[in-house]
Each structure stands twice: as C-alpha cells, then as structure tokens.
Amino acid sequence: MFNVEDGSKKSFFRYENGVVLMMFFTFGFVFMERLSVVYLFPFLGPDLKFNNAELGLIVSVLAICWSLSGFVFGTISDFIGSRKHVLLPITLAFSLFSFLSGIAKSFGAMLSIRALMGVSEGPVLPIAQASVIADSSEQRRGFNMGFVQSSLGLIGSTIGPLVLTYVATKYSWHAGFYIAGIPGLIMFFILLFWMKDPNKRMSKEQLAKHEHRLRREDYPVIFRTRNIWITMAIAALMMTWLFAFTTFAPTFLVEYDKYPVPRWASSPLPWVWAHSSGGSWGLISLTSGAASRRLFYSRLSPFSHLFVLP
C-alpha cells in the first residue's frame with residue numbers, strides 16, 4: 001500500500017504518510033473505546049443500577065492504569081527497539097476488552113475490565129508518537145504529531161458519541177461496546193501487515209540519524225530539563241479538567257438538563273472541534289511561539305463549561 005523503501009519520495013503513498021494515518025486511526029479508536037463507557041452511561045447506568053460515584057471510579061481506574069502502563073510499556077518498546085511488537089498485542093487486547101465491557105453485569109466486573117483496558121490502551125499514544133517522529137521529515141514533524149493527536153477529537157469525541165448512542169438507542173448499550181471494539185480489530189490487521197519498525201527498513205546511517213535507543217543514563221538528563229517538569233504539570237492539570245468534564249457532561253445533560261439522547265450526542269461538537277484542530281496548530285507550531293498559544297487556550301478552555309448549562 002505505502003512505499004516503505006524510499007521515505008524521500010514526495011508521493012502521497014510514501015511511508016511517512018502511511019504511518020501517520022495508521023497512528024491517527026489507531027489512537028482515535030483507542031479514545032473512542034476509552035470514552036465509550038461515558039457515552040453509554042445514560043443507558044447502562046440505570047440498567048445496572050450504577051450511580052455517578054461508580055461512574056467516576058470506572059473512569060478513574062482506567063485512567064490510573066492507562067498512565068502507569070504508558071510509562072512502563074513505552075519504556076519497554078524503547079529498550080527492545082521495536083514499537084510494532086508492543087503495539088500489536090495491546091491493539092488486539094483493548095479491542096477484546098471493549099467486547100467484554102458489553103457483557104459485564106456488575107460493578108466489579110465492569111471495573112476490572114476497564115482497568116485491564118487502561119493497561120492495554122496506555123502505551124498506544126507514546127508508541128504512536130514515537131513511530132511518527134521516527135518517520136517524519138523535519139519540516140512536517142509538528143504537523144504530523146498534531147494530526148495524530150487530533151484523532152482524539154475527530155474520532156473519539158465526534159464520531160464516537162454519534163455512533164455509539166445511535167446503536168445504543170436502536171439496539172442496546174451492549175451493542176454499543178461491541179461496535180466500539182470492531183475498529184480496533186481492523187487496525188490490528190492493518191498494523192500487522194503494513195507497519196514497519198525503522199530498524200527493518202532503514203540503512204544503518206538512516207537509523208542512527210532517526211533513532212536513539214533510550215539508555216539508563218539518559219533519564220537524569222531528561223529530568224534535569226526545567227521545561228520537562230513545567231509541561232508535566234501543565235499536562236496533569238489540563239487532563240484533570242478535561243476528564244472531569246467529559247466524564248460527567250453526558251450524564252449531566254441527560255439527567256439534569258433533560259436533553260434527549262440524540263440531541264445530547266451532537267451537543268459536545270462545538271468544544272470538540274477545538275480539540276480536533278490539533279493538526280493545524282501542530283503545523284503552526286513550526287513557525288510561531290507555542291507558549292503564547294498555550295496561554296491563550298488555558299484562558300479559553302474553562303469557558304467550555306458554559307455549553308452544558310441550561
């Protein structure tokens with residue numbers, strides 16, 4: 001499908017574009033599956049007698065497992081020198097856990113399944129971004145990473161609620177989880193046949209230029225950099241706001257604002273499109289200061305809550 005021999009060719013079918021598209025869809029479907037329990041909670045909550053505290057615990061345990069496994073398995077992929085060998089089994093695993101979510105009949109079962117899903121989904125983004133960086137030309141690195149990140153909004157937060165709530169309304173919330181797991185299985189086979197590790201297709205000179213296998217002595221160097229600690233703090237605070245909002249917004253709209261589900265499914269679109277602009281802002285980051293944009297969006301994002309008020 002994509003030419004993996006000559007990354008310098010300017011054809012659309014060069015491997016650089018191939019890996020960007022594969023990682024875009026893989027991460028987008030990961031996020032759709034991660035948020036599926038949030039979109040389907042107005043259906044499954046009353047059916048299984050779950051309350052909002054239990055919804056918060058289900059989402060939180062997935063997030064904790066996601067963060068820990070992202071660090072662990074991302075590091076493992078660096079040390080073994082193969083991203084494909086880590087990405088393939090976790091892609092298959094998170095798809096299967098989505099199917100299992102559809103047959104859960106108790107809070108304990110759902111909590112355990114979503115925890116295991118967090119373990120399998122956590123490493124996807126760091127591995128995806130590392131794969132994109134390794135195969136990106138310098139002039140497109142920011143755009144490519146932003147494009148992959150934009151799948152969070154375009155697939156996970158736009159297509160996800162529309163499709164899953166439609167399926168749940170027409171059939172059941174069980175079917176919604178089953179549908180959410182299918183795209184991950186498709187991406188498993190696409191990655192199996194078309195993803196290539198850099199060391200399998202580059203010369204030694206090209207590999208030395210693009211790859212740097214992480215060594216133990218590299219960690220102190222990384223954490224002595226002030227911007228690492230600053231951006232870690234920014235990310236932690238931003239993610240706290242984002243997931244507290246997205247976890248309870250659908251239930252709030254249905255239970256308190258009395259939105260019918262079809263209307264609720266389309267109501268997050270205005271703020272979702274702000275997330276989905278990541279690709280274009282990634283391109284702009286090559287020519288303008290990132291700090292000024294972070295300041296602007298940090299001031300703008302708190303007002304997104306106004307969209308869910310009656």
# chains A, B, ... in the order shown; residues from 1 in each chain; ligands from 1
call {"tool": "residues_around", "arguments": {"residues": "Gly108 in chain A", "least_positions_apart": "4", "cutoff": "12 Å", "atoms": "only C-alpha atoms", "output": "list in words"}}
result
Leu48, Phe50, Glu54, Leu55, Leu57, Ile58, Val61, Ser101, Ala104, Ser112, Ile113, Arg114 and Ala115 of chain A
call {"tool": "select_by_dssp", "arguments": {"residues": "range 39-241 of chain A", "states": "helix (DSSP H, G or I)", "output": "short mmCIF file (atom, residue, chain, number, x, y, z; two decimals) with N, CA and C atoms, in the first residue's frame"}}
result
data_model
loop_
_atom_site.label_atom_id
_atom_site.label_comp_id
_atom_site.auth_asym_id
_atom_site.auth_seq_id
_atom_site.Cartn_x
_atom_site.Cartn_y
_atom_site.Cartn_z
N TYR A 39 -20.14 7.74 27.14
CA TYR A 39 -21.25 7.97 26.22
C TYR A 39 -22.43 7.02 26.49
N LEU A 40 -22.12 5.81 26.91
CA LEU A 40 -23.17 4.80 27.10
C LEU A 40 -23.71 4.77 28.52
N PHE A 41 -23.14 5.56 29.42
CA PHE A 41 -23.59 5.50 30.81
C PHE A 41 -25.06 5.88 30.99
N PRO A 42 -25.61 6.86 30.25
CA PRO A 42 -27.05 7.12 30.39
C PRO A 42 -27.92 5.91 30.08
N PHE A 43 -27.37 4.91 29.36
CA PHE A 43 -28.10 3.68 29.07
C PHE A 43 -27.79 2.58 30.08
N LEU A 44 -26.48 2.37 30.33
CA LEU A 44 -26.10 1.24 31.18
C LEU A 44 -26.25 1.55 32.66
N GLY A 45 -26.13 2.82 33.04
CA GLY A 45 -26.24 3.19 34.45
C GLY A 45 -27.57 2.76 35.06
N PRO A 46 -28.69 3.18 34.47
CA PRO A 46 -29.99 2.74 35.03
C PRO A 46 -30.19 1.23 34.93
N ASP A 47 -29.66 0.61 33.88
CA ASP A 47 -29.86 -0.83 33.68
C ASP A 47 -29.12 -1.64 34.74
N LEU A 48 -27.87 -1.23 35.05
CA LEU A 48 -27.06 -1.96 36.03
C LEU A 48 -27.10 -1.33 37.42
N ASN A 52 -23.39 7.87 40.02
CA ASN A 52 -22.34 8.72 39.47
C ASN A 52 -20.98 8.46 40.11
N ALA A 53 -20.97 8.10 41.38
CA ALA A 53 -19.70 7.78 42.04
C ALA A 53 -19.06 6.55 41.40
N GLU A 54 -19.87 5.57 41.06
CA GLU A 54 -19.34 4.36 40.42
C GLU A 54 -18.85 4.67 39.01
N LEU A 55 -19.55 5.57 38.30
CA LEU A 55 -19.05 6.01 37.00
C LEU A 55 -17.68 6.65 37.15
N GLY A 56 -17.53 7.52 38.17
CA GLY A 56 -16.24 8.15 38.40
C GLY A 56 -15.15 7.15 38.69
N LEU A 57 -15.46 6.11 39.46
CA LEU A 57 -14.46 5.08 39.77
C LEU A 57 -14.08 4.28 38.52
N ILE A 58 -15.05 3.97 37.68
CA ILE A 58 -14.78 3.21 36.46
C ILE A 58 -13.83 4.00 35.55
N VAL A 59 -14.11 5.29 35.41
CA VAL A 59 -13.26 6.13 34.56
C VAL A 59 -11.89 6.33 35.21
N SER A 60 -11.86 6.49 36.52
CA SER A 60 -10.60 6.76 37.21
C SER A 60 -9.65 5.56 37.18
N VAL A 61 -10.17 4.37 37.38
CA VAL A 61 -9.29 3.20 37.40
C VAL A 61 -8.69 2.97 36.01
N LEU A 62 -9.47 3.25 34.98
CA LEU A 62 -8.91 3.15 33.63
C LEU A 62 -7.79 4.17 33.44
N ALA A 63 -8.00 5.41 33.93
CA ALA A 63 -7.00 6.45 33.77
C ALA A 63 -5.71 6.13 34.52
N ILE A 64 -5.83 5.60 35.74
CA ILE A 64 -4.64 5.25 36.52
C ILE A 64 -3.84 4.15 35.81
N CYS A 65 -4.54 3.12 35.38
CA CYS A 65 -3.85 2.02 34.67
C CYS A 65 -3.27 2.50 33.36
N TRP A 66 -3.97 3.39 32.68
CA TRP A 66 -3.50 3.98 31.42
C TRP A 66 -2.17 4.68 31.63
N SER A 67 -2.10 5.54 32.65
CA SER A 67 -0.89 6.33 32.86
C SER A 67 0.30 5.47 33.25
N LEU A 68 0.09 4.50 34.12
CA LEU A 68 1.19 3.64 34.55
C LEU A 68 1.68 2.75 33.40
N SER A 69 0.76 2.16 32.66
CA SER A 69 1.18 1.26 31.58
C SER A 69 1.81 2.02 30.44
N GLY A 70 1.38 3.28 30.23
CA GLY A 70 2.01 4.08 29.18
C GLY A 70 3.49 4.26 29.42
N PHE A 71 3.84 4.55 30.67
CA PHE A 71 5.26 4.71 31.01
C PHE A 71 6.01 3.38 30.91
N VAL A 72 5.42 2.32 31.46
CA VAL A 72 6.10 1.02 31.52
C VAL A 72 6.30 0.45 30.12
N PHE A 73 5.23 0.33 29.35
CA PHE A 73 5.34 -0.32 28.05
C PHE A 73 5.99 0.58 27.00
N GLY A 74 5.83 1.91 27.17
CA GLY A 74 6.57 2.81 26.29
C GLY A 74 8.07 2.66 26.48
N THR A 75 8.49 2.53 27.74
CA THR A 75 9.91 2.31 28.04
C THR A 75 10.39 0.96 27.51
N ILE A 76 9.54 -0.06 27.66
CA ILE A 76 9.90 -1.39 27.16
C ILE A 76 10.12 -1.35 25.65
N SER A 77 9.26 -0.64 24.93
CA SER A 77 9.42 -0.57 23.47
C SER A 77 10.72 0.12 23.09
N ASP A 78 11.16 1.09 23.90
CA ASP A 78 12.45 1.73 23.64
C ASP A 78 13.61 0.76 23.85
N PHE A 79 13.55 0.00 24.93
CA PHE A 79 14.66 -0.90 25.26
C PHE A 79 14.75 -2.08 24.30
N ILE A 80 13.62 -2.63 23.86
CA ILE A 80 13.69 -3.77 22.93
C ILE A 80 13.88 -3.31 21.49
N LYS A 84 6.44 -2.02 17.01
CA LYS A 84 5.40 -2.90 16.46
C LYS A 84 5.12 -4.08 17.37
N HIS A 85 6.17 -4.65 17.96
CA HIS A 85 5.99 -5.83 18.81
C HIS A 85 5.24 -5.51 20.11
N VAL A 86 5.18 -4.24 20.49
CA VAL A 86 4.39 -3.84 21.65
C VAL A 86 3.01 -3.37 21.22
N LEU A 87 2.95 -2.62 20.11
CA LEU A 87 1.68 -2.04 19.67
C LEU A 87 0.68 -3.10 19.20
N LEU A 88 1.15 -4.14 18.55
CA LEU A 88 0.23 -5.16 18.03
C LEU A 88 -0.57 -5.87 19.13
N PRO A 89 0.07 -6.45 20.13
CA PRO A 89 -0.73 -7.15 21.15
C PRO A 89 -1.64 -6.24 21.96
N ILE A 90 -1.22 -4.99 22.22
CA ILE A 90 -2.09 -4.12 23.01
C ILE A 90 -3.28 -3.64 22.17
N THR A 91 -3.10 -3.50 20.86
CA THR A 91 -4.23 -3.13 19.99
C THR A 91 -5.28 -4.24 19.98
N LEU A 92 -4.83 -5.47 19.90
CA LEU A 92 -5.75 -6.60 19.97
C LEU A 92 -6.42 -6.67 21.34
N ALA A 93 -5.66 -6.41 22.39
CA ALA A 93 -6.19 -6.54 23.74
C ALA A 93 -7.27 -5.51 24.03
N PHE A 94 -7.03 -4.22 23.69
CA PHE A 94 -8.05 -3.23 24.06
C PHE A 94 -9.33 -3.42 23.25
N SER A 95 -9.23 -4.00 22.06
CA SER A 95 -10.44 -4.30 21.30
C SER A 95 -11.24 -5.41 21.98
N LEU A 96 -10.56 -6.43 22.47
CA LEU A 96 -11.24 -7.52 23.15
C LEU A 96 -11.88 -7.06 24.46
N PHE A 97 -11.21 -6.14 25.17
CA PHE A 97 -11.78 -5.63 26.42
C PHE A 97 -13.03 -4.78 26.16
N SER A 98 -13.10 -4.17 24.99
CA SER A 98 -14.32 -3.45 24.64
C SER A 98 -15.49 -4.41 24.49
N PHE A 99 -15.25 -5.55 23.84
CA PHE A 99 -16.29 -6.57 23.72
C PHE A 99 -16.71 -7.08 25.10
N LEU A 100 -15.72 -7.30 25.97
CA LEU A 100 -16.03 -7.80 27.31
C LEU A 100 -16.83 -6.79 28.13
N SER A 101 -16.61 -5.49 27.88
CA SER A 101 -17.39 -4.47 28.57
C SER A 101 -18.87 -4.63 28.29
N PHE A 107 -20.83 -4.12 38.88
CA PHE A 107 -19.84 -3.05 39.01
C PHE A 107 -18.43 -3.61 39.08
N GLY A 108 -18.23 -4.69 39.84
CA GLY A 108 -16.91 -5.29 39.96
C GLY A 108 -16.37 -5.77 38.63
N ALA A 109 -17.23 -6.39 37.82
CA ALA A 109 -16.80 -6.88 36.50
C ALA A 109 -16.43 -5.72 35.59
N MET A 110 -17.28 -4.68 35.57
CA MET A 110 -17.00 -3.53 34.72
C MET A 110 -15.72 -2.84 35.14
N LEU A 111 -15.52 -2.69 36.46
CA LEU A 111 -14.32 -2.03 36.97
C LEU A 111 -13.07 -2.80 36.57
N SER A 112 -13.10 -4.11 36.68
CA SER A 112 -11.93 -4.94 36.34
C SER A 112 -11.63 -4.88 34.84
N ILE A 113 -12.67 -4.96 34.03
CA ILE A 113 -12.49 -4.94 32.57
C ILE A 113 -11.92 -3.60 32.12
N ARG A 114 -12.46 -2.51 32.67
CA ARG A 114 -11.97 -1.19 32.27
C ARG A 114 -10.55 -0.93 32.78
N ALA A 115 -10.18 -1.52 33.92
CA ALA A 115 -8.80 -1.41 34.40
C ALA A 115 -7.85 -2.09 33.43
N LEU A 116 -8.22 -3.29 32.98
CA LEU A 116 -7.38 -4.00 32.01
C LEU A 116 -7.34 -3.27 30.67
N MET A 117 -8.44 -2.63 30.32
CA MET A 117 -8.44 -1.82 29.10
C MET A 117 -7.46 -0.66 29.23
N GLY A 118 -7.40 -0.04 30.41
CA GLY A 118 -6.44 1.03 30.62
C GLY A 118 -5.00 0.57 30.48
N VAL A 119 -4.71 -0.63 30.98
CA VAL A 119 -3.37 -1.20 30.83
C VAL A 119 -3.01 -1.37 29.36
N SER A 120 -3.97 -1.83 28.56
CA SER A 120 -3.68 -2.10 27.15
C SER A 120 -3.68 -0.83 26.30
N GLU A 121 -4.43 0.19 26.70
CA GLU A 121 -4.52 1.41 25.87
C GLU A 121 -3.43 2.43 26.20
N VAL A 124 -0.42 3.25 23.78
CA VAL A 124 -0.67 3.50 22.35
C VAL A 124 -0.16 4.86 21.93
N LEU A 125 -0.51 5.93 22.65
CA LEU A 125 -0.10 7.26 22.21
C LEU A 125 1.42 7.46 22.24
N PRO A 126 2.15 7.12 23.33
CA PRO A 126 3.60 7.31 23.27
C PRO A 126 4.27 6.51 22.16
N ILE A 127 3.78 5.29 21.93
CA ILE A 127 4.37 4.48 20.85
C ILE A 127 4.00 5.06 19.49
N ALA A 128 2.76 5.52 19.35
CA ALA A 128 2.32 6.12 18.09
C ALA A 128 3.13 7.38 17.77
N GLN A 129 3.30 8.25 18.76
CA GLN A 129 4.04 9.48 18.51
C GLN A 129 5.52 9.19 18.24
N ALA A 130 6.09 8.21 18.94
CA ALA A 130 7.48 7.85 18.67
C ALA A 130 7.63 7.31 17.25
N SER A 131 6.66 6.53 16.80
CA SER A 131 6.71 6.00 15.44
C SER A 131 6.60 7.12 14.41
N VAL A 132 5.74 8.09 14.69
CA VAL A 132 5.57 9.22 13.77
C VAL A 132 6.83 10.07 13.71
N ILE A 133 7.44 10.35 14.86
CA ILE A 133 8.66 11.15 14.89
C ILE A 133 9.77 10.48 14.09
N ALA A 134 9.90 9.15 14.24
CA ALA A 134 10.98 8.42 13.57
C ALA A 134 10.87 8.50 12.06
N ASP A 135 9.66 8.65 11.53
CA ASP A 135 9.46 8.63 10.09
C ASP A 135 9.05 9.97 9.50
N GLU A 138 11.75 16.73 8.96
CA GLU A 138 11.84 17.79 9.97
C GLU A 138 10.79 18.86 9.76
N GLN A 139 10.48 19.20 8.50
CA GLN A 139 9.53 20.27 8.24
C GLN A 139 8.08 19.86 8.49
N ARG A 140 7.82 18.56 8.70
CA ARG A 140 6.44 18.13 8.94
C ARG A 140 6.26 17.47 10.30
N ARG A 141 7.26 17.52 11.13
CA ARG A 141 7.18 16.80 12.41
C ARG A 141 6.05 17.33 13.30
N GLY A 142 5.95 18.66 13.43
CA GLY A 142 4.90 19.24 14.26
C GLY A 142 3.51 18.95 13.73
N PHE A 143 3.35 19.09 12.41
CA PHE A 143 2.04 18.80 11.81
C PHE A 143 1.65 17.35 11.99
N ASN A 144 2.58 16.43 11.73
CA ASN A 144 2.26 15.01 11.84
C ASN A 144 1.84 14.62 13.25
N MET A 145 2.56 15.12 14.25
CA MET A 145 2.21 14.79 15.63
C MET A 145 0.86 15.40 16.00
N GLY A 146 0.63 16.64 15.55
CA GLY A 146 -0.66 17.28 15.83
C GLY A 146 -1.81 16.58 15.13
N PHE A 147 -1.55 16.09 13.92
CA PHE A 147 -2.60 15.39 13.18
C PHE A 147 -3.00 14.11 13.89
N VAL A 148 -2.02 13.36 14.37
CA VAL A 148 -2.32 12.14 15.13
C VAL A 148 -3.10 12.49 16.40
N GLN A 149 -2.68 13.54 17.10
CA GLN A 149 -3.35 13.95 18.33
C GLN A 149 -4.79 14.39 18.06
N SER A 150 -5.05 14.96 16.87
CA SER A 150 -6.39 15.45 16.57
C SER A 150 -7.42 14.33 16.47
N SER A 151 -6.98 13.10 16.33
CA SER A 151 -7.93 11.99 16.27
C SER A 151 -8.71 11.84 17.57
N LEU A 152 -8.16 12.37 18.69
CA LEU A 152 -8.89 12.38 19.96
C LEU A 152 -10.24 13.06 19.78
N GLY A 153 -10.23 14.24 19.10
CA GLY A 153 -11.47 14.96 18.90
C GLY A 153 -12.28 14.47 17.72
N LEU A 154 -11.60 14.21 16.60
CA LEU A 154 -12.31 13.86 15.38
C LEU A 154 -12.99 12.50 15.46
N ILE A 155 -12.31 11.53 16.04
CA ILE A 155 -12.89 10.18 16.15
C ILE A 155 -13.44 9.93 17.54
N GLY A 156 -12.60 10.11 18.57
CA GLY A 156 -13.01 9.75 19.92
C GLY A 156 -14.16 10.57 20.45
N SER A 157 -14.20 11.88 20.14
CA SER A 157 -15.20 12.75 20.74
C SER A 157 -16.24 13.27 19.76
N THR A 158 -16.11 12.96 18.48
CA THR A 158 -17.10 13.40 17.50
C THR A 158 -17.84 12.21 16.92
N ILE A 159 -17.13 11.30 16.28
CA ILE A 159 -17.76 10.12 15.71
C ILE A 159 -18.26 9.19 16.82
N GLY A 160 -17.47 9.07 17.89
CA GLY A 160 -17.81 8.15 18.97
C GLY A 160 -19.20 8.34 19.55
N PRO A 161 -19.53 9.54 20.08
CA PRO A 161 -20.86 9.70 20.67
C PRO A 161 -21.99 9.57 19.68
N LEU A 162 -21.77 10.01 18.45
CA LEU A 162 -22.84 9.91 17.44
C LEU A 162 -23.16 8.45 17.12
N VAL A 163 -22.12 7.66 16.89
CA VAL A 163 -22.32 6.26 16.50
C VAL A 163 -22.80 5.42 17.68
N LEU A 164 -22.13 5.55 18.82
CA LEU A 164 -22.43 4.67 19.96
C LEU A 164 -23.81 4.94 20.55
N THR A 165 -24.18 6.21 20.64
CA THR A 165 -25.52 6.49 21.17
C THR A 165 -26.61 6.07 20.20
N TYR A 166 -26.34 6.17 18.90
CA TYR A 166 -27.32 5.69 17.91
C TYR A 166 -27.52 4.18 18.05
N VAL A 167 -26.41 3.45 18.16
CA VAL A 167 -26.50 1.99 18.31
C VAL A 167 -27.21 1.62 19.60
N ALA A 168 -26.86 2.33 20.70
CA ALA A 168 -27.49 2.04 21.98
C ALA A 168 -28.98 2.34 21.97
N THR A 169 -29.38 3.41 21.27
CA THR A 169 -30.79 3.77 21.18
C THR A 169 -31.56 2.74 20.35
N LYS A 170 -30.96 2.32 19.24
CA LYS A 170 -31.65 1.42 18.32
C LYS A 170 -31.60 -0.03 18.80
N TRP A 173 -27.08 -0.88 24.91
CA TRP A 173 -25.73 -0.42 25.27
C TRP A 173 -24.71 -1.53 25.09
N HIS A 174 -25.13 -2.79 25.19
CA HIS A 174 -24.22 -3.91 24.94
C HIS A 174 -23.68 -3.81 23.50
N ALA A 175 -24.58 -3.58 22.55
CA ALA A 175 -24.17 -3.48 21.15
C ALA A 175 -23.23 -2.30 20.93
N GLY A 176 -23.42 -1.22 21.71
CA GLY A 176 -22.52 -0.08 21.58
C GLY A 176 -21.08 -0.45 21.88
N PHE A 177 -20.85 -1.23 22.96
CA PHE A 177 -19.50 -1.68 23.27
C PHE A 177 -18.95 -2.62 22.18
N TYR A 178 -19.81 -3.47 21.64
CA TYR A 178 -19.35 -4.38 20.60
C TYR A 178 -18.90 -3.60 19.36
N ILE A 179 -19.69 -2.60 18.98
CA ILE A 179 -19.34 -1.77 17.83
C ILE A 179 -18.04 -1.02 18.07
N ALA A 180 -17.84 -0.54 19.30
CA ALA A 180 -16.62 0.20 19.62
C ALA A 180 -15.37 -0.66 19.48
N GLY A 181 -15.50 -1.97 19.66
CA GLY A 181 -14.33 -2.85 19.59
C GLY A 181 -13.92 -3.24 18.18
N ILE A 182 -14.84 -3.11 17.22
CA ILE A 182 -14.54 -3.58 15.85
C ILE A 182 -13.43 -2.79 15.18
N PRO A 183 -13.41 -1.44 15.22
CA PRO A 183 -12.34 -0.70 14.54
C PRO A 183 -10.94 -1.07 15.04
N GLY A 184 -10.81 -1.37 16.33
CA GLY A 184 -9.50 -1.76 16.86
C GLY A 184 -9.01 -3.06 16.26
N LEU A 185 -9.93 -4.01 16.04
CA LEU A 185 -9.54 -5.26 15.39
C LEU A 185 -9.09 -5.02 13.96
N ILE A 186 -9.77 -4.11 13.26
CA ILE A 186 -9.37 -3.78 11.88
C ILE A 186 -7.97 -3.17 11.88
N MET A 187 -7.71 -2.25 12.84
CA MET A 187 -6.39 -1.63 12.89
C MET A 187 -5.31 -2.64 13.26
N PHE A 188 -5.65 -3.66 14.04
CA PHE A 188 -4.67 -4.70 14.37
C PHE A 188 -4.13 -5.35 13.10
N PHE A 189 -5.01 -5.71 12.18
CA PHE A 189 -4.57 -6.37 10.95
C PHE A 189 -3.85 -5.40 10.01
N ILE A 190 -4.27 -4.14 9.99
CA ILE A 190 -3.56 -3.15 9.18
C ILE A 190 -2.15 -2.96 9.69
N LEU A 191 -1.99 -2.83 11.00
CA LEU A 191 -0.65 -2.69 11.58
C LEU A 191 0.18 -3.94 11.37
N LEU A 192 -0.45 -5.09 11.45
CA LEU A 192 0.26 -6.36 11.27
C LEU A 192 0.92 -6.44 9.90
N PHE A 193 0.21 -6.00 8.88
CA PHE A 193 0.71 -6.16 7.51
C PHE A 193 1.51 -4.96 7.00
N TRP A 194 1.25 -3.75 7.52
CA TRP A 194 1.87 -2.57 6.89
C TRP A 194 2.78 -1.78 7.80
N PRO A 198 11.59 1.00 12.20
CA PRO A 198 12.68 1.65 11.45
C PRO A 198 13.88 0.75 11.21
N ASN A 199 14.22 -0.11 12.19
CA ASN A 199 15.41 -0.94 12.02
C ASN A 199 15.20 -2.05 10.99
N LYS A 200 13.96 -2.23 10.50
CA LYS A 200 13.68 -3.24 9.49
C LYS A 200 13.75 -2.70 8.07
N ARG A 201 13.75 -1.38 7.93
CA ARG A 201 13.66 -0.82 6.59
C ARG A 201 14.65 0.31 6.31
N LYS A 204 21.84 1.55 8.19
CA LYS A 204 22.43 1.87 9.48
C LYS A 204 22.62 3.37 9.65
N GLU A 205 22.96 4.07 8.55
CA GLU A 205 23.15 5.52 8.63
C GLU A 205 21.83 6.24 8.91
N GLN A 206 20.77 5.81 8.20
CA GLN A 206 19.46 6.43 8.42
C GLN A 206 18.95 6.14 9.84
N LEU A 207 19.17 4.92 10.30
CA LEU A 207 18.71 4.54 11.63
C LEU A 207 19.42 5.34 12.71
N ALA A 208 20.71 5.56 12.53
CA ALA A 208 21.48 6.34 13.50
C ALA A 208 20.98 7.78 13.58
N LYS A 209 20.51 8.30 12.44
CA LYS A 209 20.02 9.67 12.38
C LYS A 209 18.65 9.81 13.05
N HIS A 210 17.79 8.80 12.87
CA HIS A 210 16.41 8.90 13.34
C HIS A 210 16.20 8.29 14.73
N ASP A 218 20.32 8.26 30.34
CA ASP A 218 19.59 9.35 29.70
C ASP A 218 18.53 9.96 30.63
N TYR A 219 18.01 9.18 31.57
CA TYR A 219 16.91 9.67 32.41
C TYR A 219 17.30 10.89 33.24
N PRO A 220 18.45 10.91 33.92
CA PRO A 220 18.80 12.12 34.67
C PRO A 220 18.90 13.35 33.79
N VAL A 221 19.39 13.18 32.56
CA VAL A 221 19.50 14.31 31.63
C VAL A 221 18.12 14.87 31.30
N ILE A 222 17.16 13.96 31.05
CA ILE A 222 15.80 14.38 30.71
C ILE A 222 15.17 15.17 31.86
N PHE A 223 15.29 14.65 33.06
CA PHE A 223 14.59 15.27 34.19
C PHE A 223 15.35 16.45 34.80
N ARG A 226 14.20 21.92 32.84
CA ARG A 226 13.11 22.59 33.53
C ARG A 226 11.78 22.46 32.78
N ASN A 227 11.82 22.58 31.46
CA ASN A 227 10.57 22.52 30.69
C ASN A 227 9.87 21.17 30.79
N ILE A 228 10.63 20.12 31.07
CA ILE A 228 10.01 18.80 31.27
C ILE A 228 9.06 18.85 32.45
N TRP A 229 9.53 19.42 33.57
CA TRP A 229 8.70 19.49 34.78
C TRP A 229 7.52 20.44 34.59
N ILE A 230 7.75 21.57 33.90
CA ILE A 230 6.67 22.53 33.68
C ILE A 230 5.58 21.92 32.81
N THR A 231 5.97 21.28 31.71
CA THR A 231 4.96 20.71 30.82
C THR A 231 4.26 19.51 31.45
N MET A 232 4.96 18.77 32.31
CA MET A 232 4.30 17.69 33.04
C MET A 232 3.20 18.24 33.96
N ALA A 233 3.48 19.34 34.62
CA ALA A 233 2.48 19.96 35.50
C ALA A 233 1.31 20.49 34.69
N ILE A 234 1.60 21.13 33.56
CA ILE A 234 0.52 21.64 32.70
C ILE A 234 -0.35 20.49 32.22
N ALA A 235 0.28 19.41 31.78
CA ALA A 235 -0.48 18.27 31.27
C ALA A 235 -1.35 17.65 32.36
N ALA A 236 -0.83 17.54 33.58
CA ALA A 236 -1.59 16.95 34.67
C ALA A 236 -2.83 17.79 35.00
N LEU A 237 -2.67 19.10 35.06
CA LEU A 237 -3.80 19.97 35.37
C LEU A 237 -4.81 19.99 34.22
N MET A 238 -4.31 20.02 32.99
CA MET A 238 -5.22 20.05 31.85
C MET A 238 -6.02 18.76 31.74
N MET A 239 -5.35 17.61 31.95
CA MET A 239 -6.05 16.33 31.88
C MET A 239 -7.08 16.18 33.00
N THR A 240 -6.77 16.73 34.19
CA THR A 240 -7.73 16.69 35.29
C THR A 240 -9.00 17.42 34.91
N TRP A 241 -8.85 18.62 34.35
CA TRP A 241 -10.01 19.39 33.90
C TRP A 241 -10.76 18.66 32.79
#
call {"tool": "closest_residue", "arguments": {"among": "A:Gly102, A:Tyr259, A:Met195, A:Ser137", "to": "Ser36 in chain A", "atoms": "only C-alpha atoms"}}
result
A:Gly102
call {"tool": "atom_distance", "arguments": {"atom1": "CA of Met32 in chain A", "atom2": "CA of Lys105 in chain A"}}
result
21.4 Å
call {"tool": "atom_distance", "arguments": {"atom1": "CA of Phe243 in chain A", "atom2": "CA of Pro123 in chain A"}}
result
18.3 Å
call {"tool": "atom_distance", "arguments": {"atom1": "CA of Gly122 in chain A", "atom2": "CA of Phe31 in chain A"}}
result
10.3 Å
call {"tool": "closest_residue", "arguments": {"among": "A:Val30, A:Val38, A:Phe12, A:Phe25", "to": "Phe245 in chain A", "atoms": "only C-alpha atoms"}}
result
A:Val38
